[in-house]
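Structure file target30.tsv (TSV, C-alpha atoms) follows.
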chain	number	residue	atom	x	y	z
I	1	MET	CA	6.15	19.53	2.91
I	2	GLN	CA	5.42	16.57	0.61
I	3	SER	CA	6.78	13.17	1.61
I	4	VAL	CA	9.46	11.60	-0.56
I	5	VAL	CA	8.92	7.94	0.44
I	6	ASN	CA	5.86	5.71	0.88
I	7	LEU	CA	6.55	3.21	3.64
I	8	GLY	CA	4.26	0.21	4.13
I	9	ILE	CA	3.41	-1.20	7.56
I	10	VAL	CA	2.56	-4.89	7.03
I	11	GLY	CA	2.22	-8.08	9.05
I	12	HIS	CA	-0.18	-10.48	10.76
I	13	VAL	CA	-3.39	-9.20	12.35
I	14	ASP	CA	-3.01	-7.75	15.86
I	15	HIS	CA	0.79	-7.67	15.79
I	16	GLY	CA	0.79	-3.92	16.46
I	17	LYS	CA	1.03	-2.24	13.05
I	18	THR	CA	-1.40	0.60	13.76
I	19	THR	CA	0.04	1.10	17.25
I	20	LEU	CA	3.50	1.45	15.69
I	21	VAL	CA	2.24	4.09	13.27
I	22	ARG	CA	0.74	5.99	16.21
I	23	ALA	CA	4.05	5.77	18.13
I	24	LEU	CA	5.91	7.16	15.12
I	25	SER	CA	3.42	9.76	13.90
I	26	GLY	CA	0.94	10.44	16.69
I	27	THR	CA	-1.84	9.46	14.26
I	28	TRP	CA	-4.26	6.60	14.87
I	29	THR	CA	-5.00	5.34	11.34
I	30	ASP	CA	-8.05	3.19	12.24
I	31	LYS	CA	-10.78	5.82	11.81
I	32	HIS	CA	-13.59	3.83	10.21
I	33	SER	CA	-16.32	2.96	12.73
I	34	GLU	CA	-16.06	-0.79	12.05
I	35	GLU	CA	-12.27	-0.62	12.57
I	36	VAL	CA	-12.66	1.03	15.96
I	37	LYS	CA	-15.34	-1.48	16.98
I	38	ARG	CA	-13.41	-4.59	15.89
I	39	GLY	CA	-9.91	-3.39	16.74
I	40	ILE	CA	-8.46	-4.21	13.31
I	41	SER	CA	-7.56	-2.24	10.18
I	42	ILE	CA	-10.08	-2.73	7.36
I	43	ARG	CA	-9.10	0.00	4.93
I	44	LEU	CA	-5.69	1.37	4.12
I	45	GLY	CA	-4.58	3.92	6.72
I	46	TYR	CA	-2.24	6.84	6.12
I	47	ALA	CA	-0.02	9.04	8.24
I	48	ASP	CA	2.88	11.42	7.59
I	49	ILE	CA	5.99	12.07	9.64
I	50	VAL	CA	9.16	14.09	9.25
I	51	ILE	CA	12.34	12.22	10.18
I	52	ARG	CA	14.65	14.51	12.13
I	53	LYS	CA	18.01	14.30	13.85
I	54	CYS	CA	19.33	16.12	16.89
I	55	PRO	CA	22.74	17.70	16.19
I	56	ALA	CA	23.72	17.51	19.88
I	57	CYS	CA	22.94	13.84	20.69
I	58	SER	CA	24.78	10.70	19.65
I	59	GLU	CA	23.13	7.93	17.60
I	60	PRO	CA	20.61	6.33	17.88
I	61	GLU	CA	19.17	8.72	20.47
I	62	SER	CA	19.57	11.58	17.99
I	63	TYR	CA	16.78	10.28	15.70
I	64	THR	CA	13.35	11.72	16.37
I	65	THR	CA	10.14	13.01	14.79
I	66	SER	CA	9.89	15.95	17.19
I	67	GLU	CA	10.88	19.52	16.32
I	68	ASN	CA	12.85	19.66	19.55
I	69	CYS	CA	14.94	16.72	20.72
I	70	ASP	CA	13.11	14.52	23.25
I	71	LYS	CA	16.37	13.96	25.17
I	72	CYS	CA	18.05	17.38	25.36
I	73	GLY	CA	15.56	19.88	23.93
I	74	THR	CA	17.85	21.03	21.09
I	75	LYS	CA	16.08	22.04	17.85
I	76	SER	CA	16.26	19.01	15.54
I	77	GLU	CA	17.29	19.08	11.88
I	78	VAL	CA	14.96	17.84	9.11
I	79	LEU	CA	16.21	14.77	7.22
I	80	ARG	CA	13.17	13.91	5.08
I	81	PRO	CA	9.37	13.60	5.24
I	82	ILE	CA	7.80	10.14	4.69
I	83	SER	CA	4.29	8.69	4.42
I	84	PHE	CA	3.08	5.49	6.05
I	85	VAL	CA	0.63	3.10	4.38
I	86	ASP	CA	-0.90	0.99	7.16
I	87	ALA	CA	-2.17	-2.22	5.53
I	88	PRO	CA	-4.71	-4.54	7.18
I	89	GLY	CA	-3.35	-7.87	8.40
I	90	HIS	CA	-6.54	-9.93	8.52
I	91	GLU	CA	-6.61	-12.80	6.02
I	92	THR	CA	-9.93	-11.69	4.51
I	93	LEU	CA	-8.41	-8.30	3.60
I	94	MET	CA	-5.41	-9.47	1.58
I	95	ALA	CA	-6.65	-7.67	-1.54
I	96	THR	CA	-6.58	-4.37	0.37
I	97	MET	CA	-3.01	-5.06	1.49
I	98	LEU	CA	-1.96	-5.83	-2.10
I	99	SER	CA	-3.55	-2.56	-3.29
I	100	GLY	CA	-1.51	-0.70	-0.69
I	101	ALA	CA	1.67	-2.57	-1.66
I	102	ALA	CA	1.43	-1.01	-5.13
I	103	LEU	CA	2.18	2.37	-3.52
I	104	MET	CA	5.07	1.26	-1.29
I	105	ASP	CA	8.76	2.14	-1.77
I	106	GLY	CA	9.78	0.11	1.28
I	107	ALA	CA	8.16	-1.68	4.20
I	108	LEU	CA	8.23	-2.33	7.92
I	109	LEU	CA	7.33	-5.98	8.54
I	110	VAL	CA	5.85	-6.12	12.04
I	111	ILE	CA	6.19	-9.43	13.93
I	112	ALA	CA	4.93	-9.88	17.50
I	113	ALA	CA	7.43	-11.40	19.95
I	114	ASN	CA	4.68	-13.06	22.00
I	115	GLU	CA	3.58	-15.41	19.20
I	116	GLN	CA	5.26	-18.18	17.23
I	117	CYS	CA	6.91	-16.92	14.04
I	118	PRO	CA	5.80	-17.06	11.31
I	119	GLN	CA	2.06	-16.58	11.60
I	120	PRO	CA	0.00	-17.20	8.40
I	121	GLN	CA	-0.39	-13.57	7.27
I	122	THR	CA	3.24	-12.80	8.18
I	123	LYS	CA	4.16	-15.35	5.50
I	124	GLU	CA	1.58	-14.04	3.05
I	125	HIS	CA	2.59	-10.40	3.46
I	126	LEU	CA	6.30	-11.14	3.03
I	127	MET	CA	5.49	-13.11	-0.11
I	128	ALA	CA	3.39	-10.18	-1.36
I	129	LEU	CA	6.29	-7.76	-0.84
I	130	ASN	CA	8.48	-10.13	-2.82
I	131	ILE	CA	5.94	-10.36	-5.66
I	132	ILE	CA	5.37	-6.60	-5.87
I	133	GLY	CA	9.16	-6.11	-5.90
I	134	ILE	CA	9.71	-4.29	-2.60
I	135	GLU	CA	13.28	-4.99	-1.50
I	136	ASN	CA	13.93	-2.35	1.18
I	137	ILE	CA	12.53	-3.91	4.34
I	138	VAL	CA	13.03	-3.37	8.08
I	139	ILE	CA	11.69	-6.06	10.44
I	140	ILE	CA	10.05	-4.80	13.62
I	141	GLN	CA	9.99	-7.30	16.51
I	142	ASN	CA	7.14	-5.80	18.51
I	143	LYS	CA	5.63	-6.50	21.97
I	144	ILE	CA	8.95	-7.36	23.63
I	145	ASP	CA	7.49	-5.97	26.88
I	146	LEU	CA	5.06	-8.91	27.06
I	147	VAL	CA	7.61	-11.75	27.17
I	148	SER	CA	10.85	-12.68	28.92
I	149	ARG	CA	14.31	-11.99	27.52
I	150	ASP	CA	14.73	-15.69	26.64
I	151	LYS	CA	11.43	-15.64	24.71
I	152	VAL	CA	12.53	-12.52	22.81
I	153	LEU	CA	15.75	-14.27	21.77
I	154	GLU	CA	13.84	-17.42	20.80
I	155	ASN	CA	11.45	-15.36	18.69
I	156	TYR	CA	14.41	-13.49	17.13
I	157	ASN	CA	15.93	-16.80	16.01
I	158	GLN	CA	12.55	-17.87	14.59
I	159	ILE	CA	12.43	-14.64	12.56
I	160	LYS	CA	15.97	-15.20	11.22
I	161	GLU	CA	15.04	-18.72	10.13
I	162	PHE	CA	11.75	-17.54	8.60
I	163	VAL	CA	13.30	-14.84	6.37
I	164	LYS	CA	16.21	-17.01	5.21
I	165	GLY	CA	16.23	-17.17	1.43
I	166	THR	CA	13.66	-14.36	1.06
I	167	VAL	CA	13.89	-10.71	0.04
I	168	ALA	CA	14.12	-9.86	3.78
I	169	GLU	CA	17.01	-12.22	4.57
I	170	ASN	CA	19.45	-9.39	5.34
I	171	ALA	CA	16.89	-6.96	6.76
I	172	PRO	CA	17.69	-5.51	10.20
I	173	ILE	CA	15.51	-6.73	13.10
I	174	ILE	CA	14.59	-3.99	15.58
I	175	PRO	CA	13.15	-5.10	18.98
I	176	ILE	CA	10.54	-2.62	20.25
I	177	SER	CA	7.40	-2.06	22.29
I	178	ALA	CA	5.16	0.25	20.26
I	179	GLN	CA	2.67	0.41	23.14
I	180	GLN	CA	5.37	1.65	25.55
I	181	ASN	CA	7.24	3.77	22.95
I	182	ALA	CA	10.38	1.70	23.60
I	183	ASN	CA	13.16	1.81	20.95
I	184	ILE	CA	11.13	3.97	18.56
I	185	ASP	CA	14.31	5.98	17.92
I	186	LEU	CA	15.93	2.75	16.65
I	187	VAL	CA	13.06	2.31	14.20
I	188	ILE	CA	13.53	5.85	12.88
I	189	GLU	CA	17.27	5.26	12.53
I	190	ALA	CA	16.68	2.00	10.61
I	191	ILE	CA	14.21	3.71	8.24
I	192	GLU	CA	16.77	6.42	7.52
I	193	LYS	CA	19.64	3.98	6.97
I	194	TYR	CA	17.98	1.09	5.15
I	195	ILE	CA	15.11	2.57	3.12
I	196	PRO	CA	16.51	5.12	0.64
I	197	THR	CA	14.54	7.74	-1.24
I	198	PRO	CA	13.81	6.34	-4.73
I	199	GLU	CA	14.59	8.24	-7.90
I	200	HIS	CA	11.50	9.42	-9.78
I	201	ASP	CA	11.04	10.48	-13.40
I	202	LEU	CA	9.51	13.97	-13.43
I	203	ASP	CA	9.75	14.37	-17.21
I	204	ARG	CA	7.10	11.78	-18.08
I	205	PRO	CA	3.39	12.62	-18.17
I	206	PRO	CA	1.86	12.07	-14.71
I	207	LEU	CA	0.38	8.76	-13.61
I	208	MET	CA	-1.37	8.38	-10.26
I	209	HIS	CA	-2.96	5.28	-8.72
I	210	ILE	CA	-6.07	5.98	-6.64
I	211	ALA	CA	-6.11	4.17	-3.28
I	212	ARG	CA	-8.89	6.13	-1.51
I	213	SER	CA	-11.75	8.41	-2.58
I	214	PHE	CA	-14.01	10.59	-0.45
I	215	ASP	CA	-16.98	12.88	-0.23
I	216	ILE	CA	-15.74	15.40	2.36
I	217	ASN	CA	-19.01	17.35	2.56
I	218	LYS	CA	-20.81	17.05	5.88
I	219	PRO	CA	-24.48	15.95	5.88
I	220	GLY	CA	-26.76	18.94	5.48
I	221	THR	CA	-24.24	21.09	3.57
I	222	LYS	CA	-26.07	23.66	1.45
I	223	PRO	CA	-25.75	23.19	-2.34
I	224	ASP	CA	-23.77	26.40	-2.85
I	225	LYS	CA	-21.25	25.26	-0.22
I	226	LEU	CA	-20.62	21.77	-1.64
I	227	VAL	CA	-17.08	20.95	-2.78
I	228	GLY	CA	-16.06	18.39	-5.39
I	229	GLY	CA	-14.97	14.83	-4.68
I	230	VAL	CA	-11.47	14.06	-3.39
I	231	VAL	CA	-9.20	11.17	-4.41
I	232	GLY	CA	-6.06	10.01	-2.62
I	233	GLY	CA	-3.08	8.02	-3.79
I	234	SER	CA	0.44	8.39	-5.05
I	235	LEU	CA	2.14	9.48	-8.26
I	236	SER	CA	4.33	6.92	-10.02
I	237	PHE	CA	5.99	9.57	-12.17
I	238	GLY	CA	5.46	13.08	-13.53
I	239	SER	CA	3.77	15.90	-11.61
I	240	LEU	CA	0.28	17.27	-11.06
I	241	HIS	CA	-0.75	20.91	-10.54
I	242	ALA	CA	-3.80	22.74	-9.32
I	243	GLY	CA	-5.84	23.64	-12.42
I	244	ASP	CA	-4.70	20.63	-14.49
I	245	GLU	CA	-7.26	18.92	-16.71
I	246	ILE	CA	-7.10	15.20	-15.92
I	247	GLU	CA	-8.67	11.93	-16.94
I	248	MET	CA	-9.56	8.88	-14.84
I	249	ARG	CA	-9.67	5.38	-16.28
I	250	PRO	CA	-11.31	2.92	-16.57
I	251	GLY	CA	-13.87	5.59	-15.57
I	252	ARG	CA	-17.59	5.02	-15.09
I	253	LYS	CA	-19.70	2.05	-16.05
I	254	VAL	CA	-22.44	2.75	-18.63
I	255	GLU	CA	-25.06	0.16	-19.58
I	256	ALA	CA	-27.05	0.81	-22.76
I	257	GLY	CA	-28.84	-1.50	-25.18
I	258	GLY	CA	-27.72	-4.58	-23.29
I	259	ALA	CA	-24.05	-3.63	-23.66
I	260	VAL	CA	-21.69	-2.49	-20.92
I	261	LYS	CA	-19.04	0.11	-21.63
I	262	TRP	CA	-16.62	2.08	-19.48
I	263	HIS	CA	-16.19	5.77	-20.25
I	264	PRO	CA	-13.20	7.80	-18.99
I	265	ILE	CA	-14.02	10.53	-16.47
I	266	ASN	CA	-12.65	13.97	-17.25
I	267	THR	CA	-12.34	16.67	-14.60
I	268	ARG	CA	-10.12	19.46	-13.32
I	269	ILE	CA	-7.92	19.57	-10.23
I	270	THR	CA	-9.05	22.28	-7.80
I	271	LYS	CA	-6.65	21.63	-4.89
I	272	ILE	CA	-3.76	19.35	-3.97
I	273	PHE	CA	-2.89	18.34	-0.42
I	274	ALA	CA	0.38	16.78	0.69
I	275	GLY	CA	1.73	16.38	4.19
I	276	GLY	CA	-1.43	17.95	5.61
I	277	GLU	CA	-0.90	21.18	3.66
I	278	GLU	CA	-2.28	22.59	0.43
I	279	VAL	CA	0.38	22.69	-2.31
I	280	ASP	CA	0.47	23.95	-5.91
I	281	GLU	CA	2.34	20.93	-7.28
I	282	ALA	CA	2.53	17.22	-6.39
I	283	ILE	CA	5.43	14.97	-7.35
I	284	PRO	CA	6.11	11.24	-6.85
I	285	GLY	CA	6.91	10.05	-3.34
I	286	GLY	CA	4.43	10.29	-0.52
I	287	LEU	CA	0.66	10.24	-0.48
I	288	ILE	CA	-1.42	13.08	-1.84
I	289	GLY	CA	-5.04	14.17	-1.82
I	290	VAL	CA	-6.47	15.65	-5.02
I	291	GLY	CA	-9.57	17.85	-4.94
I	292	THR	CA	-11.62	17.75	-8.14
I	293	MET	CA	-14.69	19.21	-9.81
I	294	LEU	CA	-16.40	15.79	-9.69
I	295	ASP	CA	-19.85	15.29	-8.21
I	296	PRO	CA	-18.93	14.00	-4.71
I	297	SER	CA	-21.39	11.11	-5.15
I	298	LEU	CA	-18.85	9.63	-7.60
I	299	THR	CA	-16.03	9.59	-5.06
I	300	LYS	CA	-17.78	8.62	-1.82
I	301	SER	CA	-16.96	5.40	0.05
I	302	ASP	CA	-13.77	4.62	-1.91
I	303	SER	CA	-15.80	4.08	-5.09
I	304	LEU	CA	-12.91	5.19	-7.35
I	305	VAL	CA	-10.23	2.96	-5.79
I	306	GLY	CA	-8.24	1.22	-8.52
I	307	GLN	CA	-8.69	4.00	-11.06
I	308	VAL	CA	-5.68	5.67	-12.69
I	309	ILE	CA	-5.26	9.42	-13.14
I	310	GLY	CA	-3.26	11.13	-15.86
I	311	TYR	CA	-3.41	13.67	-18.67
I	312	PRO	CA	-5.88	12.84	-21.46
I	313	GLU	CA	-4.20	11.01	-24.38
I	314	SER	CA	-1.16	9.99	-22.29
I	315	ILE	CA	-2.77	7.54	-19.88
I	316	PRO	CA	-2.39	3.74	-20.36
I	317	PRO	CA	-5.22	1.92	-22.15
I	318	THR	CA	-8.31	0.42	-20.53
I	319	LEU	CA	-8.11	-3.36	-20.80
I	320	ASP	CA	-10.85	-6.01	-20.77
I	321	GLY	CA	-8.26	-8.77	-20.99
I	322	PHE	CA	-4.57	-9.46	-21.43
I	323	VAL	CA	-1.85	-12.09	-21.59
I	324	MET	CA	0.50	-12.37	-18.61
I	325	ASP	CA	3.67	-14.28	-17.92
I	326	ILE	CA	3.16	-16.22	-14.70
I	327	LYS	CA	5.41	-17.38	-11.90
I	328	LEU	CA	3.67	-19.54	-9.33
I	329	LEU	CA	4.71	-20.14	-5.74
I	330	GLU	CA	5.68	-23.66	-4.78
I	331	ARG	CA	3.22	-23.73	-1.87
I	332	VAL	CA	0.15	-21.78	-0.79
I	333	VAL	CA	0.98	-19.40	2.06
I	334	GLY	CA	-1.30	-17.72	4.59
I	335	VAL	CA	-2.91	-20.97	5.77
I	336	SER	CA	-2.07	-23.33	8.63
I	337	ASN	CA	-1.87	-26.39	6.38
I	338	GLU	CA	0.11	-25.34	3.34
I	339	ALA	CA	-0.59	-27.13	0.07
I	340	ASP	CA	1.24	-27.33	-3.25
I	341	VAL	CA	0.18	-24.72	-5.82
I	342	GLU	CA	-1.52	-26.45	-8.73
I	343	PRO	CA	-0.98	-25.09	-12.27
I	344	ILE	CA	-3.44	-22.49	-13.55
I	345	HIS	CA	-6.07	-24.04	-15.83
I	346	SER	CA	-8.56	-22.77	-18.41
I	347	ASN	CA	-11.92	-21.39	-17.22
I	348	GLU	CA	-10.49	-20.79	-13.74
I	349	PRO	CA	-11.38	-17.47	-12.03
I	350	LEU	CA	-8.42	-15.64	-10.49
I	351	MET	CA	-8.27	-12.51	-8.36
I	352	LEU	CA	-5.77	-10.11	-9.92
I	353	ASN	CA	-4.22	-7.06	-8.25
I	354	ILE	CA	-2.74	-4.54	-10.68
I	355	GLY	CA	-1.64	-1.23	-9.18
I	356	THR	CA	-4.40	-0.37	-6.71
I	357	ALA	CA	-7.05	-2.18	-8.78
I	358	THR	CA	-8.56	-5.52	-7.82
I	359	THR	CA	-10.46	-7.49	-10.46
I	360	ILE	CA	-11.49	-11.04	-11.33
I	361	GLY	CA	-10.00	-12.57	-14.46
I	362	VAL	CA	-11.34	-15.76	-16.02
I	363	VAL	CA	-8.59	-17.78	-17.70
I	364	THR	CA	-9.42	-18.30	-21.39
I	365	SER	CA	-6.14	-20.01	-22.24
I	366	ALA	CA	-3.52	-21.44	-19.88
I	367	ARG	CA	-0.02	-22.65	-20.66
I	368	LYS	CA	2.96	-23.51	-18.48
I	369	ASP	CA	4.49	-20.02	-18.29
I	370	ASP	CA	1.68	-17.69	-19.36
I	371	ALA	CA	-2.08	-17.29	-19.31
I	372	GLU	CA	-4.70	-15.23	-21.14
I	373	VAL	CA	-7.49	-13.77	-19.00
I	374	LYS	CA	-10.81	-12.05	-19.65
I	375	LEU	CA	-11.61	-9.47	-16.95
I	376	LYS	CA	-14.91	-9.07	-15.13
I	377	ARG	CA	-14.00	-5.44	-14.45
I	378	PRO	CA	-11.52	-3.61	-16.73
I	379	VAL	CA	-8.25	-2.12	-15.53
I	380	CYS	CA	-6.01	0.64	-16.77
I	381	ALA	CA	-2.48	-0.71	-17.17
I	382	ASP	CA	0.49	-0.86	-19.51
I	383	LYS	CA	2.80	-3.62	-20.66
I	384	GLY	CA	5.25	-4.61	-17.94
I	385	ALA	CA	2.76	-4.02	-15.12
I	386	GLN	CA	3.21	-6.36	-12.16
I	387	ILE	CA	0.25	-8.54	-11.19
I	388	ALA	CA	-0.44	-10.41	-7.93
I	389	ILE	CA	-2.41	-13.60	-8.58
I	390	SER	CA	-4.75	-15.20	-6.03
I	391	ARG	CA	-6.89	-18.35	-6.27
I	392	ARG	CA	-10.16	-19.16	-4.52
I	393	MET	CA	-9.48	-21.85	-1.92
I	394	GLY	CA	-12.45	-22.69	0.25
I	395	ALA	CA	-13.96	-19.39	1.43
I	396	ARG	CA	-10.82	-17.28	0.85
I	397	TRP	CA	-8.67	-15.95	-1.95
I	398	ARG	CA	-5.07	-17.13	-1.46
I	399	LEU	CA	-1.96	-15.63	-3.03
I	400	ILE	CA	-0.46	-18.22	-5.44
I	401	GLY	CA	1.98	-16.26	-7.58
I	402	SER	CA	2.77	-13.23	-9.71
I	403	GLY	CA	2.52	-12.17	-13.31
I	404	THR	CA	3.76	-9.57	-15.77
I	405	LEU	CA	1.43	-8.05	-18.35
I	406	THR	CA	2.91	-8.88	-21.77
I	407	GLU	CA	0.14	-8.45	-24.35
I	408	PHE	CA	-3.17	-6.58	-24.70
I	409	LYS	CA	-6.33	-8.50	-25.64

Turn this file's structure into structure tokens for me.
Amino acid sequence: MQSVVNLGIVGHVDHGKTTLVRALSGTWTDKHSEEVKRGISIRLGYADIVIRKCPACSEPESYTTSENCDKCGTKSEVLRPISFVDAPGHETLMATMLSGAALMDGALLVIAANEQCPQPQTKEHLMALNIIGIENIVIIQNKIDLVSRDKVLENYNQIKEFVKGTVAENAPIIPISAQQNANIDLVIEAIEKYIPTPEHDLDRPPLMHIARSFDINKPGTKPDKLVGGVVGGSLSFGSLHAGDEIEMRPGRKVEAGGAVKWHPINTRITKIFAGGEEVDEAIPGGLIGVGTMLDPSLTKSDSLVGQVIGYPESIPPTLDGFVMDIKLLERVVGVSNEADVEPIHSNEPLMLNIGTATTIGVVTSARKDDAEVKLKRPVCADKGAQIAISRRMGARWRLIGSGTLTEFK
């Protein structure tokens, strides 16, 4: 069963995002060895659940992810399947969070009750949701088991003050303990009530943003047993089928005669996985895995992240530069001592997130409301694409505003 909604889990580092996903889905999304060692999310994590409701229990106890009701044992009814995108909260991994935000239809903003609100990346992640255009948000007040009732109420009031005037101003705030599985049914109820299933255009040619890529062959696999590389992501519109001939752009980098060019990669879909099952067709909504005929060396270690998949001749162009309208924040967020955002100026390098792609753009011309950039690494995008803009400040890239692609260069 393919998911119909991609739901982001965002917030400051160590506020309990991955623990919440485990409480909801039973899946621990930190699987990379460095993530397990350091106790933080480094790459985007994914998990699927099916939201269900018990016909015999009253709300909110009736909401569950179990086939049989946890309270009375009655067989639960399926409401809809959803996918979680667990984004890292550490400040050095903001680009990864922004790549994940490109796939999100809604978000759970996780805020720990045992810390002052807002923490730096809580601010930065909320601003990112605003820039990407994610309006359906549920706030999760986690770790209520670690503080007194008075502290929980104090933290609640801090949250209300923090989100005032933002896209999350009217978002519900759900107090929980993900570690103790307390009030998880309230979270499921809030997802069902406040994050609707978006409408998707199935008549357009397909467009998929790649957020992960893998070589799934185990070391020592014999050549005749090798399978092609796998890419994971989400469709923006259209549909993909097993057997489809597809193209990936920008593709692969080719250096010849002192010149660098990017050539599209053409391949065929061998298998499609959604919701942990093999399917014949994938549609927008939810995260999918696409098996291909590619040499697995091309897909290993997330090497194709940021690429775009579609049918040949219908995919957006590969761009080495573009003009974008810009809208800067008033102040830099994500740091303890916030500073005013200075105007963008010529020759300045900027980190740009477009879809799941991250690239550096050097400003060749800057004006008050727009800027022209030359890209270090090309992207595949169309006019109207949303862009997250970050500036190098000290040793970190900091989110300073957003842009809209208006003109190809």

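Here atom CA of Glu255 of chain I is placed at a distance of 20.4 Å from atom CA of Gly361 of chain I.
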
Segment 238-244 of chain I: which residues within 12 Å, counting only C-alpha atoms, same-chain residues fewer than 6 positions away excluded, as a short mmCIF file (atom, residue, chain, number, x, y, z; two decimals) with C-alpha atoms, in the coordinates of the input?
data_model
loop_
_atom_site.label_atom_id
_atom_site.label_comp_id
_atom_site.auth_asym_id
_atom_site.auth_seq_id
_atom_site.Cartn_x
_atom_site.Cartn_y
_atom_site.Cartn_z
CA GLU I 199 14.59 8.24 -7.90
CA HIS I 200 11.50 9.42 -9.78
CA ASP I 201 11.04 10.48 -13.40
CA LEU I 202 9.51 13.97 -13.43
CA ASP I 203 9.75 14.37 -17.21
CA ARG I 204 7.10 11.78 -18.08
CA PRO I 205 3.39 12.62 -18.17
CA PRO I 206 1.86 12.07 -14.71
CA LEU I 207 0.38 8.76 -13.61
CA MET I 208 -1.37 8.38 -10.26
CA ASN I 266 -12.65 13.97 -17.25
CA THR I 267 -12.34 16.67 -14.60
CA ARG I 268 -10.12 19.46 -13.32
CA ILE I 269 -7.92 19.57 -10.23
CA THR I 270 -9.05 22.28 -7.80
CA LYS I 271 -6.65 21.63 -4.89
CA ILE I 272 -3.76 19.35 -3.97
CA PHE I 273 -2.89 18.34 -0.42
CA ALA I 274 0.38 16.78 0.69
CA GLU I 278 -2.28 22.59 0.43
CA VAL I 279 0.38 22.69 -2.31
CA ASP I 280 0.47 23.95 -5.91
CA GLU I 281 2.34 20.93 -7.28
CA ALA I 282 2.53 17.22 -6.39
CA ILE I 283 5.43 14.97 -7.35
CA PRO I 284 6.11 11.24 -6.85
CA GLY I 285 6.91 10.05 -3.34
CA ILE I 288 -1.42 13.08 -1.84
CA GLY I 289 -5.04 14.17 -1.82
CA VAL I 290 -6.47 15.65 -5.02
CA GLY I 291 -9.57 17.85 -4.94
CA THR I 292 -11.62 17.75 -8.14
CA MET I 293 -14.69 19.21 -9.81
CA ILE I 309 -5.26 9.42 -13.14
CA GLY I 310 -3.26 11.13 -15.86
CA TYR I 311 -3.41 13.67 -18.67
CA PRO I 312 -5.88 12.84 -21.46
CA SER I 314 -1.16 9.99 -22.29
CA ILE I 315 -2.77 7.54 -19.88
#

Atomic separation - atom CA of Ala171 of chain I relative to atom CA of Ala388 of chain I, Å: 23.0 Å

Surrounding residues of Pro316 of chain I excluding itself and chain neighbours under 5 positions, 6 Å, all atoms listed in the file, as a list in words: Cys380, Ala381 and Asp382 of chain I

Go ahead and write the selection's residues with C-alpha atoms as a PDB file, keeping the file's coordinate frame.
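In the end it all went to out-v2.pdb:
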ATOM      1  CA  CYS I 380      -6.010   0.640 -16.770  1.00  0.00           C
ATOM      2  CA  ALA I 381      -2.480  -0.710 -17.170  1.00  0.00           C
ATOM      3  CA  ASP I 382       0.490  -0.860 -19.510  1.00  0.00           C
TER       4      ASP I 382
END

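Comparing the minimum interatomic distances between Leu405 of chain I and each of I:Asp325, I:Ser390, I:Glu330, I:Glu61, counting only C-alpha atoms, we find that I:Asp325 sits nearest.
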